[in-house]
Amino acid sequence: MYRIVSKERLNPTVSKMCVYAPRIAAKAEAGQFIILRVDENGERIPLTIADYDRKKGTVTIIYQIVGATTRKLDMLKEGDFIHDFAGPLGRPTETEGLRKVAVVGGGVGCAIAFPIAKKLAEEGCTVHSIVGFRTRDLVILEDDFKSVSRELRIMTDDGSHGKKGLVTDALRELIESGEEYDEVIAIGPLVMMKFVCLLTKEFNIPTVVSMNPIMVDGTGMCGGCRLTVDGKVKFACVDGPDFDGHKVDFDEAIKRSSIYRGFEREADGHVCNLLKKAEK
């Protein structure tokens with residue numbers, strides 16, 4: 001079992017946990033993820049490794065409270081234990097040789113974008129970060145991004161913090177002002193990543209996206225996280241989660257992501273039929 005070293009609420013629906021998992025911390029890299037179960041009967045859910053400390057043996061996760069499992073996870077406190085915490089999974093983000101990169105994050109996707117921006121900065125890369133949120137109350141990791149970014153643009157839908165508009169507005173402004181990027185890395189809602197890629201394709205800028213479809217086992221066996229990249233079937237858990245954004249079929253990915261919404265809503269109050277029978 002894995003002890004929760006610390007817990008912090010970042011906004012009304014997003015929390016950060018630091019978990020003691022020394023074997024994972026020893027090998028974790030930016031862009032990878034873990035799969036956890038809160039208890040032995042729990043659902044397996046993937047969460048990005050938001051940070052790690054090899055000396056302390058800790059791994060940091062950031063999660064949004066959106067369903068039954070994340071609510072159960074958020075009920076745990078400092079000193080409590082998580083039953084399963086497996087990883088690191090997925091391929092690390094490739095950062096070698098990049099000199100100037102725009103990192104674009106949307107909402108809770110910023111939890112994935114930050115460790116990548118941090119790693120790039122540690123390698124001497126000039127990082128411009130663009131992060132977007134619906135409103136000021138949902139902003140997370142602002143100081144963290146400031147610490148690793150030469151330029152930070154914060155965008156909110158309602159203009160309550162930073163500048164009003166979309167992350168693509170800020171990215172276009174930077175590109176058209178003369179900024180030249182070796183690569184753009186976009187992480188957030190599928191629709192956001194799709195339009196970032198449409199913009200960068202216009203300027204012929206290589207773009208990497210981090211895909212997070214439904215996952216079950218995290219080893220490529222279940223096939224739940226499949227997507228189409230350059231006309232070929234790929235599995236986000238083992239082939240990714242990073243892919244060439246200009247080759248991802250976003251329309252297919254968006255359609256597939258909506259298939260389980262009804263089931264997810266039902267799962268919030270679901271009681272296993274086997275348990276019902278056992279109670280009789």
# chains A, B, ... in the order shown; residues from 1 in each chain; ligands from 1
$ select_by_dssp --residues "region 45-78 of chain A" --states "strand (DSSP E)" --output "short mmCIF file (atom, residue, chain, number, x, y, z; two decimals) with N, CA, C and O atoms, in the first residue's frame"
data_model
loop_
_atom_site.label_atom_id
_atom_site.label_comp_id
_atom_site.auth_asym_id
_atom_site.auth_seq_id
_atom_site.Cartn_x
_atom_site.Cartn_y
_atom_site.Cartn_z
N ILE A 45 -7.95 3.62 -12.36
CA ILE A 45 -7.97 4.88 -13.11
C ILE A 45 -6.55 5.36 -13.38
O ILE A 45 -5.67 5.23 -12.53
N PRO A 46 -6.31 5.92 -14.57
CA PRO A 46 -4.99 6.46 -14.88
C PRO A 46 -4.89 7.93 -14.45
O PRO A 46 -5.83 8.69 -14.60
N LEU A 47 -3.75 8.30 -13.88
CA LEU A 47 -3.49 9.69 -13.51
C LEU A 47 -2.05 10.04 -13.89
O LEU A 47 -1.13 9.24 -13.68
N THR A 48 -1.88 11.21 -14.44
CA THR A 48 -0.55 11.64 -14.87
C THR A 48 0.36 11.89 -13.68
O THR A 48 -0.07 12.34 -12.63
N ILE A 49 1.63 11.57 -13.87
CA ILE A 49 2.65 11.92 -12.87
C ILE A 49 2.95 13.40 -13.02
O ILE A 49 3.58 13.84 -13.99
N ALA A 50 2.45 14.19 -12.07
CA ALA A 50 2.60 15.65 -12.15
C ALA A 50 3.98 16.10 -11.68
O ALA A 50 4.45 17.17 -12.06
N ASP A 51 4.62 15.30 -10.85
CA ASP A 51 5.98 15.61 -10.38
C ASP A 51 6.50 14.38 -9.64
O ASP A 51 5.75 13.45 -9.34
N TYR A 52 7.79 14.39 -9.35
CA TYR A 52 8.39 13.28 -8.60
C TYR A 52 9.65 13.79 -7.92
O TYR A 52 10.26 14.78 -8.33
N ASP A 53 10.02 13.13 -6.83
CA ASP A 53 11.23 13.48 -6.09
C ASP A 53 11.97 12.17 -5.83
O ASP A 53 11.55 11.37 -4.99
N THR A 58 8.99 10.16 -3.63
CA THR A 58 7.58 10.52 -3.75
C THR A 58 7.17 10.81 -5.19
O THR A 58 7.98 11.22 -6.02
N VAL A 59 5.90 10.58 -5.45
CA VAL A 59 5.29 10.87 -6.75
C VAL A 59 4.07 11.75 -6.50
O VAL A 59 3.26 11.47 -5.60
N THR A 60 3.94 12.81 -7.27
CA THR A 60 2.81 13.73 -7.12
C THR A 60 1.78 13.49 -8.21
O THR A 60 2.14 13.36 -9.39
N ILE A 61 0.52 13.40 -7.82
CA ILE A 61 -0.58 13.29 -8.78
C ILE A 61 -1.54 14.46 -8.57
O ILE A 61 -1.67 14.97 -7.45
N ILE A 62 -2.17 14.88 -9.65
CA ILE A 62 -3.19 15.92 -9.59
C ILE A 62 -4.43 15.37 -10.28
O ILE A 62 -4.34 14.84 -11.38
N TYR A 63 -5.56 15.47 -9.63
CA TYR A 63 -6.77 14.87 -10.18
C TYR A 63 -7.97 15.80 -10.01
O TYR A 63 -8.03 16.61 -9.09
N GLN A 64 -8.91 15.67 -10.93
CA GLN A 64 -10.16 16.42 -10.86
C GLN A 64 -11.26 15.51 -10.33
O GLN A 64 -11.36 14.34 -10.73
#
$ residues_around --residues "His128 (chain A)" --least-positions-apart "2" --cutoff "9 Å" --atoms "only C-alpha atoms" --output "number ranges by chain"
A: 100-104, 117, 126, 130, 148-153
$ write_last_selection --atoms "N, CA and C atoms" --output "PDB file, in the first residue's frame"
ATOM      1  N   LYS A 100      13.524  25.803 -28.164  1.00  0.00           N
ATOM      2  CA  LYS A 100      12.462  26.755 -27.841  1.00  0.00           C
ATOM      3  C   LYS A 100      11.118  26.087 -28.106  1.00  0.00           C
ATOM      4  N   VAL A 101      10.295  26.022 -27.061  1.00  0.00           N
ATOM      5  CA  VAL A 101       9.036  25.280 -27.152  1.00  0.00           C
ATOM      6  C   VAL A 101       7.908  26.090 -26.525  1.00  0.00           C
ATOM      7  N   ALA A 102       6.747  26.026 -27.153  1.00  0.00           N
ATOM      8  CA  ALA A 102       5.528  26.567 -26.549  1.00  0.00           C
ATOM      9  C   ALA A 102       4.747  25.405 -25.963  1.00  0.00           C
ATOM     10  N   VAL A 103       4.520  25.459 -24.655  1.00  0.00           N
ATOM     11  CA  VAL A 103       3.741  24.432 -23.968  1.00  0.00           C
ATOM     12  C   VAL A 103       2.354  25.005 -23.709  1.00  0.00           C
ATOM     13  N   VAL A 104       1.332  24.325 -24.237  1.00  0.00           N
ATOM     14  CA  VAL A 104      -0.038  24.816 -24.136  1.00  0.00           C
ATOM     15  C   VAL A 104      -0.853  23.858 -23.285  1.00  0.00           C
ATOM     16  N   ALA A 117       7.041  21.137 -19.094  1.00  0.00           N
ATOM     17  CA  ALA A 117       7.663  22.458 -19.128  1.00  0.00           C
ATOM     18  C   ALA A 117       8.862  22.514 -18.187  1.00  0.00           C
ATOM     19  N   THR A 126      14.231  27.185 -23.867  1.00  0.00           N
ATOM     20  CA  THR A 126      13.389  28.346 -23.600  1.00  0.00           C
ATOM     21  C   THR A 126      11.932  27.917 -23.697  1.00  0.00           C
ATOM     22  N   ILE A 130       1.464  28.639 -22.234  1.00  0.00           N
ATOM     23  CA  ILE A 130       0.140  29.236 -22.422  1.00  0.00           C
ATOM     24  C   ILE A 130      -0.851  28.307 -21.741  1.00  0.00           C
ATOM     25  N   VAL A 148       9.254  28.145 -14.376  1.00  0.00           N
ATOM     26  CA  VAL A 148       9.989  27.428 -15.428  1.00  0.00           C
ATOM     27  C   VAL A 148       9.806  28.052 -16.814  1.00  0.00           C
ATOM     28  N   SER A 149       9.056  29.157 -16.897  1.00  0.00           N
ATOM     29  CA  SER A 149       8.715  29.728 -18.205  1.00  0.00           C
ATOM     30  C   SER A 149       9.345  31.091 -18.421  1.00  0.00           C
ATOM     31  N   ARG A 150       9.942  31.288 -19.581  1.00  0.00           N
ATOM     32  CA  ARG A 150      10.440  32.610 -19.960  1.00  0.00           C
ATOM     33  C   ARG A 150       9.265  33.556 -20.207  1.00  0.00           C
ATOM     34  N   GLU A 151       8.183  32.997 -20.726  1.00  0.00           N
ATOM     35  CA  GLU A 151       6.967  33.756 -21.012  1.00  0.00           C
ATOM     36  C   GLU A 151       5.782  32.922 -20.553  1.00  0.00           C
ATOM     37  N   LEU A 152       4.842  33.542 -19.821  1.00  0.00           N
ATOM     38  CA  LEU A 152       3.637  32.842 -19.382  1.00  0.00           C
ATOM     39  C   LEU A 152       2.415  33.660 -19.766  1.00  0.00           C
ATOM     40  N   ARG A 153       1.518  33.042 -20.506  1.00  0.00           N
ATOM     41  CA  ARG A 153       0.254  33.672 -20.869  1.00  0.00           C
ATOM     42  C   ARG A 153      -0.883  32.874 -20.220  1.00  0.00           C
TER      43      ARG A 153
END
$ closest_atom_pairs --of "region 1-108 of chain A" --to "region 219-240 of chain A" --cutoff "8 Å" --atoms "only C-alpha atoms" --output "Markdown table"
| residue | atom | partner | partner_atom | distance |
| --- | --- | --- | --- | --- |
| A:Leu89 | CA | A:Cys237 | CA | 7.1 |
| A:Gly90 | CA | A:Val238 | CA | 5.1 |
| A:Arg91 | CA | A:Gly240 | CA | 5.7 |
$ write_last_selection --atoms "N, CA, C and O atoms" --output "tab-separated table (two decimals), in the first residue's frame"
chain	number	residue	atom	x	y	z
A	89	LEU	N	3.99	4.28	-16.33
A	89	LEU	CA	3.46	3.71	-17.55
A	89	LEU	C	3.52	4.74	-18.68
A	89	LEU	O	3.57	5.95	-18.45
A	90	GLY	N	3.49	4.23	-19.91
A	90	GLY	CA	3.56	5.12	-21.07
A	90	GLY	C	4.99	5.53	-21.39
A	90	GLY	O	5.93	5.28	-20.63
A	91	ARG	N	5.13	6.17	-22.52
A	91	ARG	CA	6.45	6.65	-22.97
A	91	ARG	C	6.70	8.08	-22.47
A	91	ARG	O	5.81	8.92	-22.56
$ atom_distance --atom1 "CA of Val184 (chain A)" --atom2 "CA of Ala25 (chain A)"
26.8 Å
$ closest_residue --among "A:Leu171, A:Val196, A:Ile34, A:Leu166" --to "Val216 (chain A)" --atoms "only C-alpha atoms"
A:Ile34
$ atom_distance --atom1 "CA of Asp249 (chain A)" --atom2 "CA of Ile187 (chain A)"
15.5 Å
$ atom_distance --atom1 "CA of Asp157 (chain A)" --atom2 "CA of Met192 (chain A)"
12.7 Å
$ residues_around --residues "Ser147 (chain A)" --least-positions-apart "6" --cutoff "12 Å" --atoms "only C-alpha atoms" --output "list in words"
Phe114, Pro115, Ala117, Lys118, Lys119, Ala121, Glu122, Val127, His128, Ser129 and Leu141 of chain A
$ closest_residue --among "A:Phe250, A:Phe203, A:Tyr2, A:Phe243" --to "Glu180 (chain A)" --atoms "only C-alpha atoms"
A:Phe203
$ select_by_dssp --residues "region 7-167 of chain A" --states "alpha helix (DSSP H)" --output "ChimeraX atom specification"
/A:22-25,68-74,110-122,142-148,167
$ write_last_selection --atoms "C-alpha atoms" --output "PDB file, in the first residue's frame"
ATOM      1  CA  PRO A  22      10.049   5.123  -4.161  1.00  0.00           C
ATOM      2  CA  ARG A  23      10.299   2.473  -6.895  1.00  0.00           C
ATOM      3  CA  ILE A  24       8.095   4.545  -9.207  1.00  0.00           C
ATOM      4  CA  ALA A  25       9.833   7.811  -8.291  1.00  0.00           C
ATOM      5  CA  ALA A  68     -17.190   8.025  -7.952  1.00  0.00           C
ATOM      6  CA  THR A  69     -13.517   6.951  -7.885  1.00  0.00           C
ATOM      7  CA  THR A  70     -11.995  10.424  -7.751  1.00  0.00           C
ATOM      8  CA  ARG A  71     -14.489  11.356  -5.003  1.00  0.00           C
ATOM      9  CA  LYS A  72     -13.423   8.266  -3.048  1.00  0.00           C
ATOM     10  CA  LEU A  73      -9.758   9.178  -3.625  1.00  0.00           C
ATOM     11  CA  ASP A  74     -10.385  12.713  -2.412  1.00  0.00           C
ATOM     12  CA  CYS A 110      -1.989  21.691 -16.993  1.00  0.00           C
ATOM     13  CA  ALA A 111      -1.082  18.953 -14.514  1.00  0.00           C
ATOM     14  CA  ILE A 112       0.466  17.112 -17.461  1.00  0.00           C
ATOM     15  CA  ALA A 113       1.864  20.223 -19.125  1.00  0.00           C
ATOM     16  CA  PHE A 114       3.782  21.461 -16.080  1.00  0.00           C
ATOM     17  CA  PRO A 115       6.230  18.546 -15.597  1.00  0.00           C
ATOM     18  CA  ILE A 116       7.018  18.704 -19.314  1.00  0.00           C
ATOM     19  CA  ALA A 117       7.663  22.458 -19.128  1.00  0.00           C
ATOM     20  CA  LYS A 118       9.809  21.864 -16.039  1.00  0.00           C
ATOM     21  CA  LYS A 119      11.903  19.181 -17.732  1.00  0.00           C
ATOM     22  CA  LEU A 120      12.421  21.366 -20.813  1.00  0.00           C
ATOM     23  CA  ALA A 121      13.566  24.271 -18.648  1.00  0.00           C
ATOM     24  CA  GLU A 122      15.978  22.020 -16.726  1.00  0.00           C
ATOM     25  CA  GLU A 142       0.308  29.451 -11.883  1.00  0.00           C
ATOM     26  CA  ASP A 143       3.423  29.938  -9.732  1.00  0.00           C
ATOM     27  CA  ASP A 144       4.825  26.595 -10.903  1.00  0.00           C
ATOM     28  CA  PHE A 145       4.556  27.621 -14.541  1.00  0.00           C
ATOM     29  CA  LYS A 146       6.077  31.024 -13.765  1.00  0.00           C
ATOM     30  CA  SER A 147       9.115  29.331 -12.237  1.00  0.00           C
ATOM     31  CA  VAL A 148       9.989  27.428 -15.428  1.00  0.00           C
ATOM     32  CA  VAL A 167      -5.155  29.512 -25.702  1.00  0.00           C
TER      33      VAL A 167
END
$ residues_around --residues "Phe133 (chain A)" --least-positions-apart "4" --cutoff "12 Å" --atoms "only C-alpha atoms" --output "ChimeraX atom specification"
/A:11,104-110,137-142,153-167,188-189,192
$ residues_around --residues "Arg3 (chain A)" --least-positions-apart "2" --cutoff "8 Å" --atoms "only C-alpha atoms" --output "PyMOL selection string"
chain A and resi 1+5+19-21+78-82
$ closest_residue --among "A:Arg44, A:Arg99, A:Arg256, A:Arg54" --to "Leu190 (chain A)" --atoms "only C-alpha atoms"
A:Arg256
$ decode --residues "region 195-224 of chain A" --atoms "N, CA and C atoms" --output "mmCIF file, in the first residue's frame"
data_model
loop_
_atom_site.group_PDB
_atom_site.id
_atom_site.type_symbol
_atom_site.label_atom_id
_atom_site.label_comp_id
_atom_site.auth_asym_id
_atom_site.auth_seq_id
_atom_site.Cartn_x
_atom_site.Cartn_y
_atom_site.Cartn_z
ATOM 1 N N PHE A 195 -7.793 22.229 -32.113
ATOM 2 C CA PHE A 195 -7.665 23.564 -32.705
ATOM 3 C C PHE A 195 -6.250 24.128 -32.567
ATOM 4 N N VAL A 196 -5.518 23.712 -31.547
ATOM 5 C CA VAL A 196 -4.095 24.072 -31.488
ATOM 6 C C VAL A 196 -3.372 23.471 -32.684
ATOM 7 N N CYS A 197 -3.681 22.206 -32.991
ATOM 8 C CA CYS A 197 -3.029 21.532 -34.118
ATOM 9 C C CYS A 197 -3.406 22.145 -35.461
ATOM 10 N N LEU A 198 -4.646 22.565 -35.603
ATOM 11 C CA LEU A 198 -5.055 23.247 -36.846
ATOM 12 C C LEU A 198 -4.271 24.550 -37.020
ATOM 13 N N LEU A 199 -4.044 25.238 -35.899
ATOM 14 C CA LEU A 199 -3.283 26.491 -35.952
ATOM 15 C C LEU A 199 -1.821 26.240 -36.296
ATOM 16 N N THR A 200 -1.185 25.292 -35.619
ATOM 17 C CA THR A 200 0.240 25.056 -35.860
ATOM 18 C C THR A 200 0.493 24.455 -37.244
ATOM 19 N N LYS A 201 -0.480 23.722 -37.759
ATOM 20 C CA LYS A 201 -0.335 23.185 -39.112
ATOM 21 C C LYS A 201 -0.299 24.322 -40.128
ATOM 22 N N GLU A 202 -1.057 25.359 -39.843
ATOM 23 C CA GLU A 202 -1.080 26.554 -40.698
ATOM 24 C C GLU A 202 0.306 27.183 -40.796
ATOM 25 N N PHE A 203 1.076 27.105 -39.693
ATOM 26 C CA PHE A 203 2.416 27.701 -39.649
ATOM 27 C C PHE A 203 3.525 26.653 -39.774
ATOM 28 N N ASN A 204 3.144 25.410 -40.022
ATOM 29 C CA ASN A 204 4.095 24.316 -40.226
ATOM 30 C C ASN A 204 5.027 24.125 -39.019
ATOM 31 N N ILE A 205 4.428 24.147 -37.821
ATOM 32 C CA ILE A 205 5.195 23.943 -36.587
ATOM 33 C C ILE A 205 4.907 22.541 -36.061
ATOM 34 N N PRO A 206 5.913 21.694 -35.886
ATOM 35 C CA PRO A 206 5.689 20.355 -35.316
ATOM 36 C C PRO A 206 4.951 20.442 -33.983
ATOM 37 N N THR A 207 3.986 19.566 -33.790
ATOM 38 C CA THR A 207 3.136 19.650 -32.597
ATOM 39 C C THR A 207 2.909 18.270 -31.994
ATOM 40 N N VAL A 208 3.110 18.188 -30.692
ATOM 41 C CA VAL A 208 2.897 16.943 -29.958
ATOM 42 C C VAL A 208 1.698 17.134 -29.036
ATOM 43 N N VAL A 209 0.827 16.116 -28.986
ATOM 44 C CA VAL A 209 -0.319 16.155 -28.084
ATOM 45 C C VAL A 209 -0.261 14.945 -27.153
ATOM 46 N N SER A 210 -0.819 15.101 -25.965
ATOM 47 C CA SER A 210 -0.882 14.006 -24.999
ATOM 48 C C SER A 210 -2.321 13.516 -24.944
ATOM 49 N N MET A 211 -2.532 12.257 -25.350
ATOM 50 C CA MET A 211 -3.879 11.697 -25.451
ATOM 51 C C MET A 211 -4.211 10.889 -24.194
ATOM 52 N N ASN A 212 -5.428 11.068 -23.698
ATOM 53 C CA ASN A 212 -5.841 10.389 -22.475
ATOM 54 C C ASN A 212 -7.242 9.800 -22.626
ATOM 55 N N PRO A 213 -7.402 8.823 -23.530
ATOM 56 C CA PRO A 213 -8.713 8.178 -23.677
ATOM 57 C C PRO A 213 -8.978 7.207 -22.541
ATOM 58 N N ILE A 214 -10.115 6.531 -22.586
ATOM 59 C CA ILE A 214 -10.456 5.528 -21.581
ATOM 60 C C ILE A 214 -9.353 4.470 -21.517
ATOM 61 N N MET A 215 -8.868 4.176 -20.309
ATOM 62 C CA MET A 215 -7.866 3.124 -20.116
ATOM 63 C C MET A 215 -8.336 2.169 -19.033
ATOM 64 N N VAL A 216 -7.962 0.904 -19.145
ATOM 65 C CA VAL A 216 -8.311 -0.081 -18.129
ATOM 66 C C VAL A 216 -7.052 -0.703 -17.527
ATOM 67 N N ASP A 217 -6.266 -1.390 -18.367
ATOM 68 C CA ASP A 217 -5.110 -2.113 -17.826
ATOM 69 C C ASP A 217 -3.795 -1.349 -17.960
ATOM 70 N N GLY A 218 -3.683 -0.439 -18.917
ATOM 71 C CA GLY A 218 -2.455 0.346 -19.060
ATOM 72 C C GLY A 218 -1.308 -0.381 -19.717
ATOM 73 N N THR A 219 -1.565 -1.575 -20.272
ATOM 74 C CA THR A 219 -0.495 -2.353 -20.904
ATOM 75 C C THR A 219 -0.799 -2.704 -22.355
ATOM 76 N N GLY A 220 -1.870 -2.155 -22.909
ATOM 77 C CA GLY A 220 -2.194 -2.389 -24.314
ATOM 78 C C GLY A 220 -3.039 -3.608 -24.585
ATOM 79 N N MET A 221 -3.458 -4.337 -23.543
ATOM 80 C CA MET A 221 -4.210 -5.578 -23.754
ATOM 81 C C MET A 221 -5.710 -5.359 -23.932
ATOM 82 N N CYS A 222 -6.280 -4.361 -23.248
ATOM 83 C CA CYS A 222 -7.740 -4.211 -23.289
ATOM 84 C C CYS A 222 -8.210 -3.521 -24.560
ATOM 85 N N GLY A 223 -7.384 -2.670 -25.140
ATOM 86 C CA GLY A 223 -7.756 -1.972 -26.372
ATOM 87 C C GLY A 223 -8.665 -0.785 -26.161
ATOM 88 N N GLY A 224 -8.981 -0.458 -24.909
ATOM 89 C CA GLY A 224 -9.900 0.640 -24.654
ATOM 90 C C GLY A 224 -9.369 2.001 -25.047
#
